[in-house]
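The structure file coords39.tsv is reproduced below (TSV, C-alpha atoms).
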```tsv
chain	number	residue	atom	x	y	z
A	1	GLU	CA	65.16	-22.33	71.25
A	2	ALA	CA	63.97	-24.60	74.04
A	3	HIS	CA	63.23	-27.38	71.55
A	4	ALA	CA	66.71	-27.01	70.06
A	5	ASP	CA	68.39	-27.18	73.48
A	6	LEU	CA	66.23	-30.11	74.51
A	7	ALA	CA	67.16	-31.94	71.30
A	8	LEU	CA	70.86	-31.73	72.19
A	9	VAL	CA	70.22	-32.99	75.71
A	10	ILE	CA	68.10	-35.88	74.46
A	11	ALA	CA	70.74	-36.71	71.83
A	12	GLY	CA	73.31	-36.84	74.63
A	13	LEU	CA	71.15	-39.51	76.24
A	14	GLY	CA	71.25	-41.46	72.99
A	15	LEU	CA	67.52	-41.19	72.30
A	16	ARG	CA	67.74	-40.84	68.54
A	17	ASP	CA	64.11	-40.52	67.47
A	18	GLU	CA	63.16	-38.17	70.29
A	19	ALA	CA	66.19	-35.92	69.70
A	20	LEU	CA	65.54	-35.66	65.98
A	21	ARG	CA	61.85	-34.97	66.62
A	22	GLU	CA	62.71	-32.06	68.96
A	23	ALA	CA	65.29	-30.64	66.54
A	24	GLN	CA	62.78	-30.84	63.71
A	25	ARG	CA	60.13	-29.16	65.86
A	26	ALA	CA	62.55	-26.27	66.51
A	27	ILE	CA	63.02	-25.89	62.74
A	28	GLU	CA	59.26	-25.93	62.18
A	29	LEU	CA	58.74	-23.19	64.76
A	30	GLU	CA	61.50	-20.96	63.33
A	31	PRO	CA	62.00	-21.84	59.68
A	32	VAL	CA	64.87	-20.14	57.89
A	33	GLU	CA	62.41	-18.83	55.29
A	34	LYS	CA	60.66	-16.73	57.93
A	35	GLN	CA	63.38	-16.07	60.50
A	36	ALA	CA	66.74	-16.08	58.77
A	37	ARG	CA	69.10	-15.95	61.77
A	38	ALA	CA	67.05	-18.13	64.11
A	39	GLY	CA	66.30	-20.55	61.29
A	40	LEU	CA	70.00	-20.94	60.51
A	41	LEU	CA	70.70	-21.59	64.18
A	42	ARG	CA	68.05	-24.33	64.20
A	43	LEU	CA	69.67	-25.98	61.16
A	44	VAL	CA	73.07	-25.84	62.86
A	45	ASN	CA	71.42	-27.40	65.91
A	46	LEU	CA	70.09	-30.24	63.77
A	47	ALA	CA	73.61	-30.82	62.46
A	48	ALA	CA	74.91	-30.88	66.04
A	49	VAL	CA	72.21	-33.37	67.07
A	50	HIS	CA	73.18	-35.62	64.16
A	51	ALA	CA	76.85	-35.32	65.15
A	52	ARG	CA	76.10	-36.20	68.76
A	53	LEU	CA	74.07	-39.22	67.63
A	54	GLY	CA	76.91	-40.41	65.40
A	55	ASN	CA	75.05	-39.66	62.16
A	56	LYS	CA	78.09	-38.29	60.36
A	57	ASP	CA	76.58	-38.30	56.88
A	58	GLU	CA	73.56	-36.28	57.98
A	59	ALA	CA	75.61	-33.89	60.14
A	60	ILE	CA	78.10	-33.12	57.38
A	61	ALA	CA	75.34	-32.73	54.78
A	62	MET	CA	73.56	-30.24	57.06
A	63	ILE	CA	76.80	-28.31	57.67
A	64	ASP	CA	77.37	-28.14	53.91
A	65	ARG	CA	73.80	-26.90	53.43
A	66	VAL	CA	74.15	-24.21	56.08
A	67	LEU	CA	77.49	-23.01	54.70
A	68	THR	CA	75.90	-22.34	51.30
A	69	MET	CA	73.22	-20.09	52.79
A	70	PRO	CA	73.51	-16.30	53.11
A	71	ASN	CA	74.68	-14.84	56.44
A	72	THR	CA	75.99	-18.20	57.60
A	73	GLY	CA	78.76	-16.57	59.64
A	74	GLU	CA	76.21	-15.49	62.21
A	75	ALA	CA	75.14	-19.09	62.81
A	76	LEU	CA	78.24	-21.17	62.06
A	77	SER	CA	81.83	-20.07	61.79
A	78	LEU	CA	85.17	-21.69	61.16
A	79	TRP	CA	86.27	-21.27	64.78
A	80	GLN	CA	83.09	-22.99	65.96
A	81	LEU	CA	83.71	-25.95	63.69
A	82	LYS	CA	87.34	-26.16	64.78
A	83	LEU	CA	86.88	-25.67	68.52
A	84	GLU	CA	83.42	-26.53	69.77
A	85	PRO	CA	83.20	-29.99	71.34
A	86	VAL	CA	79.83	-30.69	69.75
A	87	TRP	CA	81.68	-31.31	66.48
A	88	ASP	CA	84.19	-33.76	68.04
A	89	PRO	CA	82.38	-36.82	66.64
A	90	LEU	CA	83.09	-35.50	63.13
A	91	ARG	CA	86.80	-34.89	63.63
A	92	GLY	CA	88.93	-37.22	61.58
A	93	ASP	CA	86.24	-37.65	58.92
A	94	SER	CA	87.83	-36.50	55.67
A	95	ARG	CA	84.66	-34.66	54.59
A	96	PHE	CA	84.58	-32.63	57.81
A	97	GLU	CA	88.32	-31.96	57.67
A	98	LYS	CA	87.90	-30.70	54.11
A	99	ILE	CA	85.26	-28.23	55.30
A	100	VAL	CA	87.40	-26.82	58.11
A	101	ALA	CA	90.42	-26.60	55.80
A	102	ASP	CA	88.53	-24.57	53.21
A	103	PRO	CA	90.38	-21.23	52.90
A	104	THR	CA	87.17	-19.43	51.87
A	105	LEU	CA	85.42	-20.31	55.13
A	106	LYS	CA	85.58	-17.50	57.65
```
Serialized structure, structure tokens:
Amino acid sequence: EAHADLALVIAGLGLRDEALREAQRAIELEPVEKQARAGLLRLVNLAAVHARLGNKDEAIAMIDRVLTMPNTGEALSLWQLKLEPVWDPLRGDSRFEKIVADPTLK
């Protein structure tokens, strides 16, 4: 979890490579294949890091990936996508707006 939090902080400083390295390290330490809930949270964190860095394509692709996985609601919910400021860089992007408008998303 510390690597995931650090990745967001570093991304806020605009240090792209370092932020992505920390986010990836968090995923390596808690892969979704071994720790379902924690692993999903690390993937959501990677999406948030990409969003904060302005990597919209990568962030939206990761959100799409997470939303297709089982038990996603524990890691990423509609209200989080709609309200959490971390996703602000994605607002207005038609792909992101399509995700949050999906009536099947809970």
Near-Met69 of chain A list (10 Å; all atoms listed in the file; drop same-chain fewer than 6 positions) as a ChimeraX atom specification = /A:32,36,40
Dump C-alpha atoms for the selected residues as an mmCIF file, in the coordinates of the input?
```
data_model
loop_
_atom_site.group_PDB
_atom_site.id
_atom_site.type_symbol
_atom_site.label_atom_id
_atom_site.label_comp_id
_atom_site.auth_asym_id
_atom_site.auth_seq_id
_atom_site.Cartn_x
_atom_site.Cartn_y
_atom_site.Cartn_z
ATOM 1 C CA VAL A 32 64.870 -20.140 57.890
ATOM 2 C CA ALA A 36 66.740 -16.080 58.770
ATOM 3 C CA LEU A 40 70.000 -20.940 60.510
#
```
query = Any idea what's packed within 12 Å of Asp93 of chain A, counting only C-alpha atoms, ignoring anything in its chain fewer than 4 positions away? Could you give it as a ChimeraX atom specification?
reply = /A:51,54-57,59-60,87-89,97-100
Writing out the chosen residues with C-alpha atoms as an mmCIF file, in the frame of the given file:
```cif
data_model
loop_
_atom_site.group_PDB
_atom_site.id
_atom_site.type_symbol
_atom_site.label_atom_id
_atom_site.label_comp_id
_atom_site.auth_asym_id
_atom_site.auth_seq_id
_atom_site.Cartn_x
_atom_site.Cartn_y
_atom_site.Cartn_z
ATOM 1 C CA ALA A 51 76.850 -35.320 65.150
ATOM 2 C CA GLY A 54 76.910 -40.410 65.400
ATOM 3 C CA ASN A 55 75.050 -39.660 62.160
ATOM 4 C CA LYS A 56 78.090 -38.290 60.360
ATOM 5 C CA ASP A 57 76.580 -38.300 56.880
ATOM 6 C CA ALA A 59 75.610 -33.890 60.140
ATOM 7 C CA ILE A 60 78.100 -33.120 57.380
ATOM 8 C CA TRP A 87 81.680 -31.310 66.480
ATOM 9 C CA ASP A 88 84.190 -33.760 68.040
ATOM 10 C CA PRO A 89 82.380 -36.820 66.640
ATOM 11 C CA GLU A 97 88.320 -31.960 57.670
ATOM 12 C CA LYS A 98 87.900 -30.700 54.110
ATOM 13 C CA ILE A 99 85.260 -28.230 55.300
ATOM 14 C CA VAL A 100 87.400 -26.820 58.110
#
```
key: Interatomic distance (Å, one decimal) between atom CA of Trp79 of chain A and atom CA of Glu58 of chain A   =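 Those two atoms sit 20.8 Å apart.
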key: Between atom CA of Asp17 of chain A and atom CA of Gln80 of chain A - distance in Å to one decimal   =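 Computed distance, atom CA of Gln80 of chain A to atom CA of Asp17 of chain A, equals 25.9 Å.
Proximity ranking of A:Gln35, A:Arg65, A:Arg42, A:Arg16 relative to Ala2 of chain A places A:Arg42 first, based on all atoms listed in the file.
Nearest to Leu41 of chain A of all the residues A:Glu18, A:Glu1, A:Asp64, A:Glu28 is A:Glu1, based on only C-alpha atoms.
Taking atom CA of Arg52 of chain A and atom CA of Arg25 of chain A as the two end points, the separation is 17.7 Å.
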message = Would you pick out the contacts of Ala101 of chain A at 12 Å or less, using only C-alpha atoms, so that residues sharing its chain but fewer than 5 positions from it are not included, and give the list as a list in words?
response =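 That gives Leu78, Trp79, Leu81, Lys82, Arg91, Ser94, Arg95, Phe96 and Lys106 of chain A.
Proximity ranking of A:Val86, A:Ala38, A:Ile63, A:Val49 relative to Leu6 of chain A places A:Val49 first, based on only C-alpha atoms.
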task = Show which residues sit within 9 Å of Val66 of chain A, as a PyMOL selection string. Count all atoms listed in the file, and ignore same-chain residues fewer than 3 positions away.
result = chain A and resi 40+43-44+61-63+69-70+72+75-76
Given the selection you just returned, output its residues as a file containing C-alpha atoms, formatted as a compact mmCIF listing (two decimals), keeping the file's coordinate frame.
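Saved as again.txt:
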```
# COMPACT_ATOMS: atom_id res chain seq x y z
CA LEU A 40 70.00 -20.94 60.51
CA LEU A 43 69.67 -25.98 61.16
CA VAL A 44 73.07 -25.84 62.86
CA ALA A 61 75.34 -32.73 54.78
CA MET A 62 73.56 -30.24 57.06
CA ILE A 63 76.80 -28.31 57.67
CA MET A 69 73.22 -20.09 52.79
CA PRO A 70 73.51 -16.30 53.11
CA THR A 72 75.99 -18.20 57.60
CA ALA A 75 75.14 -19.09 62.81
CA LEU A 76 78.24 -21.17 62.06
```
